[in-house]
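One file, entry.csv, carrying CSV, C-alpha atoms and all ligand atoms:
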```csv
chain,number,residue,atom,x,y,z
A,1,MET,CA,-20.6,36.5,-37.2
A,2,LYS,CA,-17.4,38.6,-36.8
A,3,LYS,CA,-15.2,37.8,-33.8
A,4,HIS,CA,-11.6,38.7,-32.8
A,5,ILE,CA,-9.7,36.0,-31.0
A,6,ILE,CA,-6.4,36.3,-29.2
A,7,VAL,CA,-4.3,33.1,-29.2
A,8,ILE,CA,-2.0,32.9,-26.2
A,9,ALA,CA,-0.3,29.5,-26.6
A,10,GLY,CA,2.3,30.0,-23.8
A,11,ASP,CA,4.7,27.3,-22.9
A,12,GLY,CA,5.5,23.6,-23.4
A,13,ILE,CA,2.6,21.6,-24.8
A,14,GLY,CA,0.5,24.8,-24.7
A,15,GLN,CA,2.1,25.6,-28.1
A,16,GLU,CA,1.3,22.1,-29.5
A,17,VAL,CA,-2.3,21.7,-28.4
A,18,THR,CA,-3.3,25.4,-29.1
A,19,ALA,CA,-2.2,25.0,-32.7
A,20,VAL,CA,-4.9,22.3,-33.1
A,21,GLY,CA,-7.5,24.4,-31.2
A,22,LYS,CA,-6.9,27.3,-33.6
A,23,GLN,CA,-7.3,25.0,-36.7
A,24,VAL,CA,-10.7,24.0,-35.4
A,25,LEU,CA,-11.7,27.6,-35.0
A,26,GLU,CA,-10.6,28.3,-38.6
A,27,LEU,CA,-12.5,25.4,-40.0
A,28,ILE,CA,-15.7,26.3,-38.1
A,29,ALA,CA,-15.4,29.9,-39.4
A,30,ASP,CA,-14.9,28.6,-43.0
A,31,LYS,CA,-17.8,26.1,-42.8
A,32,TYR,CA,-20.3,28.4,-41.2
A,33,ASN,CA,-19.3,31.7,-42.9
A,34,HIS,CA,-18.1,33.4,-39.8
A,35,GLU,CA,-15.3,35.9,-39.8
A,36,PHE,CA,-12.9,35.0,-37.1
A,37,THR,CA,-9.8,37.2,-37.0
A,38,PHE,CA,-6.7,36.1,-34.9
A,39,ASP,CA,-3.8,37.8,-33.2
A,40,THR,CA,-1.2,36.3,-30.9
A,41,ALA,CA,0.2,37.4,-27.6
A,42,LEU,CA,3.0,36.3,-25.2
A,43,ILE,CA,2.7,35.0,-21.7
A,44,GLY,CA,4.7,32.9,-19.2
A,45,HIS,CA,8.2,31.7,-19.8
A,46,ALA,CA,8.0,32.7,-23.5
A,47,ALA,CA,7.2,36.2,-22.4
A,48,ILE,CA,9.9,36.3,-19.8
A,49,GLU,CA,12.5,35.3,-22.4
A,50,ALA,CA,11.3,38.0,-24.8
A,51,THR,CA,10.5,40.9,-22.5
A,52,GLY,CA,11.5,40.0,-18.9
A,53,ASN,CA,7.8,40.1,-17.9
A,54,PRO,CA,5.5,37.0,-17.7
A,55,LEU,CA,2.5,39.2,-18.6
A,56,PRO,CA,3.5,42.1,-21.0
A,57,ASP,CA,1.1,45.1,-21.0
A,58,GLU,CA,0.5,44.4,-24.7
A,59,THR,CA,-0.9,41.0,-23.9
A,60,VAL,CA,-3.4,42.6,-21.5
A,61,THR,CA,-4.3,45.3,-23.9
A,62,LYS,CA,-4.9,42.9,-26.8
A,63,SER,CA,-6.9,40.5,-24.6
A,64,LYS,CA,-9.2,43.3,-23.3
A,65,ALA,CA,-10.0,44.3,-26.8
A,66,SER,CA,-10.8,40.7,-27.9
A,67,ASP,CA,-14.0,38.7,-28.1
A,68,ALA,CA,-12.3,35.7,-26.6
A,69,ILE,CA,-8.9,34.2,-25.8
A,70,LEU,CA,-7.7,30.7,-26.7
A,71,PHE,CA,-5.1,29.9,-24.1
A,72,GLY,CA,-2.5,27.1,-23.9
A,73,ALA,CA,-0.5,26.7,-20.7
A,74,VAL,CA,2.4,28.3,-18.8
A,75,GLY,CA,5.4,26.8,-17.0
A,76,HIS,CA,9.0,25.8,-17.4
A,77,PRO,CA,11.1,23.3,-15.4
A,78,LYS,CA,13.7,26.0,-14.7
A,79,TYR,CA,11.3,27.8,-12.3
A,80,ASP,CA,9.7,24.6,-10.9
A,81,ASN,CA,13.1,23.6,-9.5
A,82,ASP,CA,14.2,27.1,-8.4
A,83,PRO,CA,12.0,28.2,-5.4
A,84,SER,CA,14.0,31.4,-5.2
A,85,ALA,CA,13.0,32.7,-8.6
A,86,LYS,CA,11.1,36.0,-8.2
A,87,VAL,CA,9.7,36.2,-11.7
A,88,ARG,CA,7.8,33.1,-12.7
A,89,PRO,CA,5.7,32.0,-15.7
A,90,GLU,CA,2.6,31.2,-13.5
A,91,GLN,CA,2.4,34.9,-12.5
A,92,GLY,CA,1.4,35.6,-16.1
A,93,LEU,CA,-1.6,33.3,-15.9
A,94,LEU,CA,-2.7,34.6,-12.5
A,95,GLY,CA,-2.1,38.2,-13.7
A,96,ILE,CA,-4.3,37.9,-16.8
A,97,ARG,CA,-7.1,36.2,-14.8
A,98,LYS,CA,-7.1,39.2,-12.4
A,99,ALA,CA,-6.6,41.9,-15.1
A,100,LEU,CA,-9.6,40.6,-17.1
A,101,GLY,CA,-11.8,40.0,-14.0
A,102,LEU,CA,-12.2,36.3,-14.9
A,103,TYR,CA,-13.6,35.2,-11.6
A,104,ALA,CA,-15.5,32.1,-12.6
A,105,ASN,CA,-13.7,29.1,-14.0
A,106,LEU,CA,-16.1,26.5,-15.4
A,107,ARG,CA,-14.6,23.0,-15.6
A,108,PRO,CA,-17.0,20.4,-17.1
A,109,ILE,CA,-16.1,16.8,-16.3
A,110,LYS,CA,-17.4,15.2,-19.4
A,111,LEU,CA,-16.9,11.5,-19.7
A,112,PHE,CA,-17.0,10.2,-23.3
A,113,ASP,CA,-18.4,6.6,-23.1
A,114,GLU,CA,-15.6,5.3,-25.4
A,115,LEU,CA,-13.1,6.3,-22.7
A,116,LEU,CA,-14.6,4.3,-19.8
A,117,SER,CA,-11.7,1.9,-19.9
A,118,ALA,CA,-9.1,4.7,-20.1
A,119,SER,CA,-9.7,5.6,-16.4
A,120,SER,CA,-8.2,3.7,-13.5
A,121,ILE,CA,-11.6,3.9,-11.9
A,122,LYS,CA,-14.1,1.0,-12.4
A,123,ALA,CA,-16.5,1.5,-15.3
A,124,GLU,CA,-19.6,0.9,-13.2
A,125,ILE,CA,-18.6,3.7,-10.8
A,126,LEU,CA,-17.9,6.1,-13.7
A,127,GLN,CA,-20.7,5.5,-16.2
A,128,GLY,CA,-23.1,8.5,-16.2
A,129,ALA,CA,-20.8,10.8,-14.3
A,130,ASP,CA,-21.4,14.5,-15.4
A,131,ILE,CA,-20.1,17.2,-13.2
A,132,LEU,CA,-19.7,21.0,-13.7
A,133,PHE,CA,-17.2,22.6,-11.4
A,134,PHE,CA,-17.4,26.3,-10.6
A,135,ARG,CA,-13.9,27.2,-9.3
A,136,GLU,CA,-13.5,30.8,-8.0
A,137,LEU,CA,-10.5,32.1,-9.9
A,138,THR,CA,-9.4,35.6,-8.8
A,139,GLY,CA,-9.3,35.3,-5.0
A,140,ASP,CA,-8.2,32.9,-2.2
A,141,VAL,CA,-4.7,32.0,-1.2
A,142,TYR,CA,-3.4,32.5,-4.8
A,143,PHE,CA,-4.0,36.3,-4.5
A,144,GLY,CA,-3.8,37.0,-0.7
A,145,GLU,CA,-0.8,38.7,0.9
A,146,LYS,CA,2.3,36.5,0.9
A,147,GLY,CA,5.8,36.9,2.1
A,148,ARG,CA,8.8,35.8,4.2
A,149,SER,CA,10.1,36.9,7.6
A,150,ASP,CA,13.3,38.9,7.6
A,151,ASP,CA,15.4,35.8,8.3
A,152,ARG,CA,13.5,34.1,5.4
A,153,ASN,CA,12.8,31.1,7.6
A,154,THR,CA,9.1,31.7,7.9
A,155,ALA,CA,6.8,32.1,4.9
A,156,TYR,CA,3.1,32.8,4.6
A,157,ASP,CA,0.3,33.0,2.1
A,158,THR,CA,-3.1,34.4,3.1
A,159,MET,CA,-6.3,32.6,2.3
A,160,ILE,CA,-8.7,35.5,1.9
A,161,TYR,CA,-12.3,35.9,0.6
A,162,SER,CA,-14.7,38.8,0.6
A,163,ARG,CA,-18.5,38.4,0.6
A,164,TYR,CA,-18.9,39.8,-2.9
A,165,GLU,CA,-16.4,37.4,-4.4
A,166,ILE,CA,-18.3,34.4,-3.0
A,167,GLU,CA,-21.7,35.8,-3.9
A,168,ARG,CA,-20.9,36.4,-7.6
A,169,ILE,CA,-19.5,32.9,-8.3
A,170,ALA,CA,-22.2,31.2,-6.1
A,171,VAL,CA,-25.0,32.9,-8.2
A,172,LYS,CA,-23.4,31.7,-11.4
A,173,ALA,CA,-23.2,28.1,-9.9
A,174,PHE,CA,-26.8,28.2,-8.7
A,175,ASP,CA,-28.0,29.5,-12.1
A,176,ALA,CA,-26.2,26.6,-13.8
A,177,ALA,CA,-27.6,24.1,-11.4
A,178,MET,CA,-31.1,25.3,-12.4
A,179,THR,CA,-30.3,24.3,-16.0
A,180,ARG,CA,-29.0,20.9,-15.0
A,181,ARG,CA,-30.0,18.3,-12.4
A,182,LYS,CA,-30.6,21.0,-9.8
A,183,LYS,CA,-28.0,19.8,-7.3
A,184,LEU,CA,-25.2,21.9,-5.9
A,185,CYS,CA,-22.4,20.8,-3.6
A,186,SER,CA,-20.4,23.6,-2.1
A,187,VAL,CA,-16.9,22.5,-1.0
A,188,ASP,CA,-14.9,24.3,1.7
A,189,LYS,CA,-13.0,23.6,5.0
A,190,ALA,CA,-15.4,25.5,7.3
A,191,ASN,CA,-14.6,23.2,10.2
A,192,VAL,CA,-11.1,24.8,10.3
A,193,LEU,CA,-10.8,28.0,8.2
A,194,GLU,CA,-12.5,31.3,8.8
A,195,SER,CA,-12.6,32.2,5.1
A,196,SER,CA,-14.5,28.9,4.5
A,197,ARG,CA,-16.9,29.8,7.3
A,198,LEU,CA,-17.7,33.0,5.4
A,199,TRP,CA,-17.9,31.0,2.2
A,200,ARG,CA,-20.5,28.6,3.8
A,201,GLU,CA,-22.4,31.5,5.3
A,202,VAL,CA,-22.8,33.3,2.0
A,203,VAL,CA,-23.8,30.1,0.1
A,204,GLN,CA,-26.4,29.4,2.8
A,205,GLU,CA,-27.8,32.9,2.4
A,206,ILE,CA,-28.1,32.5,-1.4
A,207,ALA,CA,-29.6,29.0,-1.3
A,208,PRO,CA,-33.2,30.1,-0.4
A,209,ARG,CA,-33.3,32.1,-3.6
A,210,TYR,CA,-33.1,28.8,-5.4
A,211,PRO,CA,-35.6,26.6,-3.6
A,212,GLU,CA,-35.5,23.9,-6.3
A,213,VAL,CA,-31.8,23.4,-6.0
A,214,GLU,CA,-30.8,20.7,-3.5
A,215,VAL,CA,-27.7,22.1,-1.7
A,216,GLU,CA,-25.1,20.1,0.2
A,217,HIS,CA,-21.9,21.3,1.9
A,218,GLN,CA,-18.8,19.0,2.0
A,219,PHE,CA,-15.4,19.6,3.5
A,220,ILE,CA,-12.6,19.5,0.9
A,221,ASP,CA,-11.1,16.3,2.4
A,222,ALA,CA,-14.3,14.3,2.2
A,223,ALA,CA,-15.2,15.8,-1.2
A,224,ALA,CA,-11.9,14.5,-2.6
A,225,MET,CA,-12.7,11.1,-1.4
A,226,LEU,CA,-16.4,11.1,-2.6
A,227,LEU,CA,-15.3,12.3,-6.1
A,228,ILE,CA,-13.6,8.9,-6.6
A,229,LYS,CA,-15.9,6.8,-4.5
A,230,ASP,CA,-19.1,8.0,-6.2
A,231,PRO,CA,-18.7,10.7,-8.9
A,232,LYS,CA,-22.3,10.3,-10.0
A,233,ARG,CA,-23.5,11.9,-6.8
A,234,PHE,CA,-22.2,15.3,-8.0
A,235,ASP,CA,-23.9,17.7,-10.4
A,236,VAL,CA,-22.6,21.3,-9.9
A,237,VAL,CA,-19.7,21.7,-7.5
A,238,LEU,CA,-18.9,25.2,-6.2
A,239,THR,CA,-15.6,25.8,-4.6
A,240,GLY,CA,-12.7,28.2,-4.1
A,241,ASN,CA,-9.6,28.7,-6.1
A,242,LEU,CA,-7.2,26.3,-4.4
A,243,PHE,CA,-9.7,23.5,-3.7
A,244,GLY,CA,-11.1,23.8,-7.2
A,245,ASP,CA,-7.6,23.6,-8.7
A,246,ILE,CA,-6.8,20.4,-6.9
A,247,LEU,CA,-10.2,18.7,-7.1
A,248,THR,CA,-10.4,19.2,-10.9
A,249,ASP,CA,-7.0,17.6,-11.6
A,250,GLU,CA,-8.4,14.7,-9.5
A,251,ALA,CA,-11.6,14.8,-11.5
A,252,SER,CA,-9.6,14.5,-14.8
A,253,GLN,CA,-9.3,10.8,-13.9
A,254,ILE,CA,-13.1,10.5,-14.2
A,255,ALA,CA,-12.8,11.7,-17.8
A,256,GLY,CA,-9.7,9.5,-18.4
A,257,SER,CA,-6.9,12.1,-18.7
A,258,MET,CA,-5.7,15.6,-18.0
A,259,GLY,CA,-5.7,15.9,-21.8
A,260,MET,CA,-9.5,15.7,-21.9
A,261,LEU,CA,-10.6,18.5,-19.6
A,262,ALA,CA,-11.4,22.0,-21.0
A,263,SER,CA,-12.3,25.1,-19.1
A,264,ALA,CA,-13.9,28.5,-19.5
A,265,SER,CA,-12.8,31.5,-17.4
A,266,VAL,CA,-15.5,34.2,-17.5
A,267,GLY,CA,-16.4,37.3,-15.6
A,268,ASP,CA,-17.3,40.8,-16.5
A,269,THR,CA,-15.6,41.1,-19.9
A,270,THR,CA,-14.0,38.7,-22.5
A,271,GLY,CA,-13.8,34.9,-21.9
A,272,LEU,CA,-10.6,32.9,-21.7
A,273,TYR,CA,-10.7,29.2,-22.8
A,274,GLU,CA,-8.0,26.8,-21.8
A,275,PRO,CA,-7.3,23.1,-21.0
A,276,ILE,CA,-7.0,22.5,-17.3
A,277,HIS,CA,-3.6,21.0,-17.7
A,278,GLY,CA,-0.2,22.7,-17.5
A,279,SER,CA,2.8,22.8,-19.9
A,280,ALA,CA,3.6,19.2,-19.2
A,281,HIS,CA,7.4,19.3,-19.4
A,282,ASP,CA,7.6,15.5,-19.4
A,283,ILE,CA,6.0,15.3,-22.9
A,284,THR,CA,6.9,18.7,-24.3
A,285,GLY,CA,8.3,18.6,-27.9
A,286,LYS,CA,7.4,14.9,-28.4
A,287,GLY,CA,4.3,15.6,-30.4
A,288,ILE,CA,2.2,13.2,-28.2
A,289,ALA,CA,0.1,15.6,-26.1
A,290,ASN,CA,-3.6,15.1,-26.3
A,291,PRO,CA,-5.1,18.2,-28.0
A,292,LEU,CA,-8.7,17.3,-27.2
A,293,ALA,CA,-8.8,19.6,-24.1
A,294,SER,CA,-8.0,22.5,-26.4
A,295,VAL,CA,-10.5,21.4,-28.9
A,296,LEU,CA,-13.2,21.1,-26.2
A,297,SER,CA,-12.1,24.5,-24.9
A,298,VAL,CA,-12.9,25.9,-28.4
A,299,ALA,CA,-16.4,24.3,-28.1
A,300,LEU,CA,-16.9,26.2,-24.8
A,301,MET,CA,-15.8,29.4,-26.5
A,302,LEU,CA,-18.2,29.0,-29.4
A,303,ASP,CA,-21.0,28.3,-26.9
A,304,ILE,CA,-20.4,30.6,-24.0
A,305,SER,CA,-18.7,33.7,-25.6
A,306,PHE,CA,-20.2,33.5,-29.1
A,307,GLY,CA,-23.6,31.8,-28.4
A,308,LEU,CA,-22.9,29.5,-31.4
A,309,LYS,CA,-24.6,26.4,-29.9
A,310,THR,CA,-24.8,24.4,-33.2
A,311,GLU,CA,-21.1,24.9,-33.9
A,312,ALA,CA,-20.2,24.1,-30.4
A,313,GLU,CA,-22.2,20.8,-30.4
A,314,GLU,CA,-20.6,19.9,-33.7
A,315,VAL,CA,-17.1,20.2,-32.2
A,316,VAL,CA,-18.1,18.0,-29.3
A,317,SER,CA,-19.7,15.5,-31.7
A,318,ALA,CA,-16.5,15.4,-33.8
A,319,VAL,CA,-14.5,14.5,-30.6
A,320,ASP,CA,-17.0,11.8,-29.8
A,321,ALA,CA,-16.9,10.4,-33.4
A,322,VAL,CA,-13.1,10.3,-33.5
A,323,LEU,CA,-13.1,8.4,-30.2
A,324,LYS,CA,-15.8,6.1,-31.5
A,325,ALA,CA,-13.7,5.4,-34.6
A,326,GLY,CA,-11.1,4.1,-32.1
A,327,PHE,CA,-8.4,6.9,-32.4
A,328,ARG,CA,-6.5,7.7,-29.2
A,329,THR,CA,-3.5,9.7,-28.1
A,330,ARG,CA,-1.2,7.9,-25.8
A,331,ASP,CA,-2.7,9.2,-22.5
A,332,ILE,CA,-6.1,7.7,-23.4
A,333,ALA,CA,-5.0,4.5,-25.2
A,334,ASP,CA,-5.2,1.2,-23.4
A,335,LYS,CA,-4.1,-2.4,-24.1
A,336,SER,CA,-6.9,-2.9,-26.6
A,337,THR,CA,-5.9,0.1,-28.8
A,338,PRO,CA,-4.2,-1.1,-32.0
A,339,SER,CA,-0.9,0.7,-32.3
A,340,GLU,CA,-1.9,2.3,-35.7
A,341,ASN,CA,-4.8,4.0,-33.8
A,342,VAL,CA,-2.4,5.7,-31.3
A,343,LEU,CA,-2.0,9.1,-32.8
A,344,GLY,CA,0.2,12.1,-32.2
A,345,THR,CA,-1.1,15.6,-31.4
A,346,GLN,CA,-1.4,16.9,-35.0
A,347,GLN,CA,-2.6,13.5,-36.3
A,348,MET,CA,-5.4,13.6,-33.7
A,349,GLY,CA,-6.1,17.2,-34.7
A,350,ASP,CA,-6.3,16.1,-38.4
A,351,GLU,CA,-8.9,13.4,-37.5
A,352,ILE,CA,-11.0,16.0,-35.7
A,353,LEU,CA,-10.7,18.3,-38.8
A,354,ARG,CA,-11.7,15.5,-41.1
A,355,GLN,CA,-14.8,14.8,-39.0
A,356,LEU,CA,-15.8,18.5,-39.0
A,357,LYS,CA,-15.3,18.7,-42.8
A,358,GLY,CA,-17.9,15.9,-43.1
A,401,LIG,N1,-2.9,26.4,-16.6
A,401,LIG,C1,-1.6,26.3,-16.6
A,401,LIG,O1,-0.9,26.9,-17.4
A,401,LIG,C2,-0.9,25.4,-15.7
A,401,LIG,C3,0.4,25.4,-15.6
A,401,LIG,N2,1.1,24.5,-14.8
A,401,LIG,C4,2.5,24.4,-14.9
A,401,LIG,O2,2.9,23.4,-15.8
A,401,LIG,C5,4.1,22.8,-15.5
A,401,LIG,C6,4.0,21.3,-15.4
A,401,LIG,O3,3.2,21.0,-14.2
A,401,LIG,P1,2.6,19.6,-13.9
A,401,LIG,O4,2.4,19.5,-12.4
A,401,LIG,O5,3.5,18.5,-14.5
A,401,LIG,O6,1.1,19.5,-14.5
A,401,LIG,P2,0.6,19.2,-16.0
A,401,LIG,O7,-0.8,19.4,-16.0
A,401,LIG,O8,1.4,20.0,-17.0
A,401,LIG,O9,1.0,17.7,-16.2
A,401,LIG,C7,0.5,16.7,-15.3
A,401,LIG,C8,0.6,15.3,-16.0
A,401,LIG,O10,-0.4,15.2,-16.9
A,401,LIG,C9,0.1,14.9,-18.2
A,401,LIG,N3,-0.6,15.7,-19.2
A,401,LIG,C10,-1.0,17.0,-19.1
A,401,LIG,N4,-1.6,17.4,-20.2
A,401,LIG,C11,-1.6,16.4,-21.0
A,401,LIG,C12,-2.1,16.3,-22.4
A,401,LIG,N5,-2.7,17.3,-23.0
A,401,LIG,N6,-1.9,15.1,-23.0
A,401,LIG,C13,-1.3,14.1,-22.4
A,401,LIG,N7,-0.8,14.2,-21.1
A,401,LIG,C14,-1.0,15.3,-20.4
A,401,LIG,C15,1.6,15.4,-18.2
A,401,LIG,O11,2.3,14.7,-19.1
A,401,LIG,C16,1.9,15.1,-16.7
A,401,LIG,O12,2.3,13.7,-16.6
A,401,LIG,C17,4.5,23.5,-14.2
A,401,LIG,O13,5.5,24.5,-14.5
A,401,LIG,C18,3.3,24.1,-13.7
A,401,LIG,O14,3.5,25.3,-12.9
A,401,LIG,C19,0.4,23.5,-14.1
A,401,LIG,C20,-1.0,23.5,-14.1
A,401,LIG,C21,-1.7,24.4,-14.9
A,402,LIG,C1,-0.5,27.2,-12.7
A,402,LIG,C2,-1.6,27.8,-11.8
A,402,LIG,C3,-1.5,29.3,-11.9
A,402,LIG,C4,-3.0,27.5,-12.1
A,402,LIG,C5,-3.4,26.1,-12.2
A,402,LIG,O1,-2.9,25.1,-11.9
A,402,LIG,C6,-4.8,26.0,-12.8
A,402,LIG,O2,-5.4,27.0,-13.1
A,402,LIG,O3,-5.2,24.8,-13.0
A,403,MG,MG,-4.3,23.3,-11.9
```
Could you take the file, read its structure, and then write that structure out as structure tokens?
Ligand SMILES: NC(=O)C1=CN([C@@H]2O[C@H](COP(=O)(O)OP(=O)(O)OC[C@H]3O[C@@H](n4cnc5c(N)ncnc54)[C@H](O)[C@@H]3O)[C@@H](O)[C@H]2O)C=CC1
Ligand SMILES: CC(C)CC(=O)C(=O)O
Ligand SMILES: [Mg+2]
Amino acid sequence: MKKHIIVIAGDGIGQEVTAVGKQVLELIADKYNHEFTFDTALIGHAAIEATGNPLPDETVTKSKASDAILFGAVGHPKYDNDPSAKVRPEQGLLGIRKALGLYANLRPIKLFDELLSASSIKAEILQGADILFFRELTGDVYFGEKGRSDDRNTAYDTMIYSRYEIERIAVKAFDAAMTRRKKLCSVDKANVLESSRLWREVVQEIAPRYPEVEVEHQFIDAAAMLLIKDPKRFDVVLTGNLFGDILTDEASQIAGSMGMLASASVGDTTGLYEPIHGSAHDITGKGIANPLASVLSVALMLDISFGLKTEAEEVVSAVDAVLKAGFRTRDIADKSTPSENVLGTQQMGDEILRQLKG
């Protein structure tokens, strides 16, 4: 199979973990006789430094012409601590999602058994948890009108959703529920927000088309609590852009670490695959970032964009085997991990590649 992949590593640990993800793609191509060609493109702080623009036109053009994008992360402390900065790395990520119409962000919360003790949540609460988040990705308060009053002392962001935006992601989530445990929880704040009342109205209208799917609605505050109290009660979770962003960082603690959660952003055209984490300034350049979220993002790419189920399963199995062999990066190590088994980013990547080579 011939596929063209754009690697957009971005900033901070995005560079470090994406290097490992790309090595996995190269190895899979070699092993299964696929022809994967690669090109790179700039985004975020790296793009601002080079071009003044967090999302150069060339990045969008190359991405549109690709079969898939392997993405790292954006962000730099310089902007985090400067609220007045008008040009920001995160605009690059929001921009590419919008430009490519990537309205559905799938975030699987997969708990590897070996990592039960890596979480701060009790093992008996966690065991068996398996959740698939559908986070709407091109609407909501991230894309609504924003601004400041003339005296700059009042600021606003508009939480806005239109029916078609809710419908198209809801249909994807219901379809996925049909292939899983047939449970769907829609999360909103319909007791307060008008946009959430439209969200709930649309989900209620679609639900009868899927009579086998058991639907529940939760308010975001209660959902955040239930996710930790009883993660096993959830199967597919459908929610908006802001709520999904926050809930999935919380859910990373079910999987043990931010470094374990992959995502697929899909829509009408190409797919973009990225860890859910950011550029992690606190560990950038130390070579200790967990690359497994990038590796698992590659598995999602192979499965969803290329339909290569066997190859995708092999990548997930390699992660499982490396964890079973006792290897850990620092974020998922615990007191029982021998120090020689605590690996850096590339060392962990090398173990994955060794597994894949067989
Ligand atoms: N998708 C993206 O590109 C995202 C970008 N950001 C940006 O990233 C920058 C840092 O934001 P934070 O709030 O610190 O979020 P973050 O996700 O970068 O890091 C949160 C915490 O998780 C840890 N962590 C994250 N990924 C890890 C990995 N692979 N291995 C081990 N530990 C890992 C970090 O060390 C940190 O303690 C900011 O500039 C922010 O805007 C934040 C979230 C998503
Ligand atoms: C940095 C934001 C643009 C996005 C974010 O936090 C995410 O997609 O998880
Ligand atoms: Mg986030």
Counting all atoms listed in the file, which residues of chain A sit at most 6 Å from some atom of ligand LIG 402 (chain A), and what is each one's closest atom pair with its distance in Å to one decimal, listed by chain and rising residue number, as JSON lines?
```
{"residue": "A:Glu90", "atom": "CA", "partner": "A:LIG402", "partner_atom": "C3", "distance": 4.8}
{"residue": "A:Leu93", "atom": "CA", "partner": "A:LIG402", "partner_atom": "C3", "distance": 5.7}
{"residue": "A:Leu94", "atom": "CA", "partner": "A:LIG402", "partner_atom": "C3", "distance": 5.5}
{"residue": "A:Asp245", "atom": "CA", "partner": "A:LIG402", "partner_atom": "O3", "distance": 5.1}
{"residue": "A:Ile276", "atom": "CA", "partner": "A:LIG402", "partner_atom": "O3", "distance": 5.2}
```
Subject >> Top pick for closest residue to ligand LIG 401 (chain A), considering A:Thr18, A:Thr239, A:Thr154, A:Ser63 and counting all atoms listed in the file >> reply: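 The answer is A:Thr18, which sits nearest to ligand LIG 401 (chain A).
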At a cut-off of 9 Å around ligand MG 403 (chain A), and using only C-alpha atoms and all ligand atoms, what residues come up? Please write them as a CSV table (one decimal) with C-alpha atoms, keeping the file's coordinate frame.
```csv
chain,number,residue,atom,x,y,z
A,242,LEU,CA,-7.2,26.3,-4.4
A,244,GLY,CA,-11.1,23.8,-7.2
A,245,ASP,CA,-7.6,23.6,-8.7
A,246,ILE,CA,-6.8,20.4,-6.9
A,247,LEU,CA,-10.2,18.7,-7.1
A,248,THR,CA,-10.4,19.2,-10.9
A,249,ASP,CA,-7.0,17.6,-11.6
A,276,ILE,CA,-7.0,22.5,-17.3
A,277,HIS,CA,-3.6,21.0,-17.7
A,278,GLY,CA,-0.2,22.7,-17.5
```
Subject >> At most 7 Å from ligand LIG 401 (chain A) (only C-alpha atoms and all ligand atoms): residue list as a VMD selection string >> reply: chain A and resid 17 72 to 77 80 90 93 257 to 259 276 to 283 288 to 291 293 331
Original post:
Which neighbours of Glu351 (chain A) fall inside 12 Å, counting all atoms listed in the file, when residues of the same chain fewer than 5 positions from it are skipped, and could you give them as a ChimeraX atom specification?
Top reply: /A:20,23-24,291-292,295,315,318-329,341-346,356-358
Subject >> Using only C-alpha atoms: which of A:Met159, A:Val171, A:Ala333, A:Leu106 has the shortest distance to Glu194 (chain A) >> reply: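 Of the candidates, the smallest distance to Glu194 (chain A) is held by A:Met159.
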Subject >> Pick from A:Val298, A:Leu193, A:Leu42, A:Ile121, whichever lies nearest to Val141 (chain A) using all atoms listed in the file >> reply: A:Leu193
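Applying the 12 Å criterion to (-30.1, 33.4, -1.9) in file coordinates and using all atoms listed in the file, one obtains the residues Ile166, Glu167, Arg168, Ala170, Val171, Lys172, Ala173, Phe174, Asp175, Glu201, Val202, Val203, Gln204, Glu205, Ile206, Ala207, Pro208, Arg209, Tyr210, Pro211, Glu212, Val213 and Val215 of chain A.
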**OP:** Could you pull out every residue with an atom within 12 Å of (-17.7, 31.2, -18.6), file coordinates, counting only C-alpha atoms, and send them as a count of residues only?
**Re:** 43
Subject >> Pick from A:Gln15, A:Gln347, A:Ser66, A:Thr51 nearest to Asp39 (chain A), counting only C-alpha atoms >> reply: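 Ranking A:Gln15, A:Gln347, A:Ser66, A:Thr51 by distance to Asp39 (chain A), first place goes to A:Ser66.
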Original post:
Contacts of Gln218 (chain A) at 12 Å or less, counting all atoms listed in the file, minus same-chain residues fewer than 5 places along, as a PyMOL selection string?
Top reply: chain A and resi 184-191+196+200+223-227+234+237-239+243
**OP:** Please measure the separation of CA of Ala46 (chain A) and CA of Ala9 (chain A), giving the value in Å to one decimal.
**Re:**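 Interatomic distance, CA of Ala46 (chain A) to CA of Ala9 (chain A): 9.4 Å.
Across A:Arg330, A:Lys309, A:Arg152, A:Lys31, the tightest approach to Gly287 (chain A) is made by A:Arg330 when counting only C-alpha atoms.
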Original post:
What is the CA of His34 (chain A) to CA of Glu314 (chain A) distance in Å?
Top reply: 15.0 Å
**OP:** Go ahead and compute the interatomic distance for CA of Gly285 (chain A) and CA of Asp350 (chain A), in Å to one decimal.
**Re:**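 Pair CA of Gly285 (chain A) / CA of Asp350 (chain A) returns 18.2 Å.
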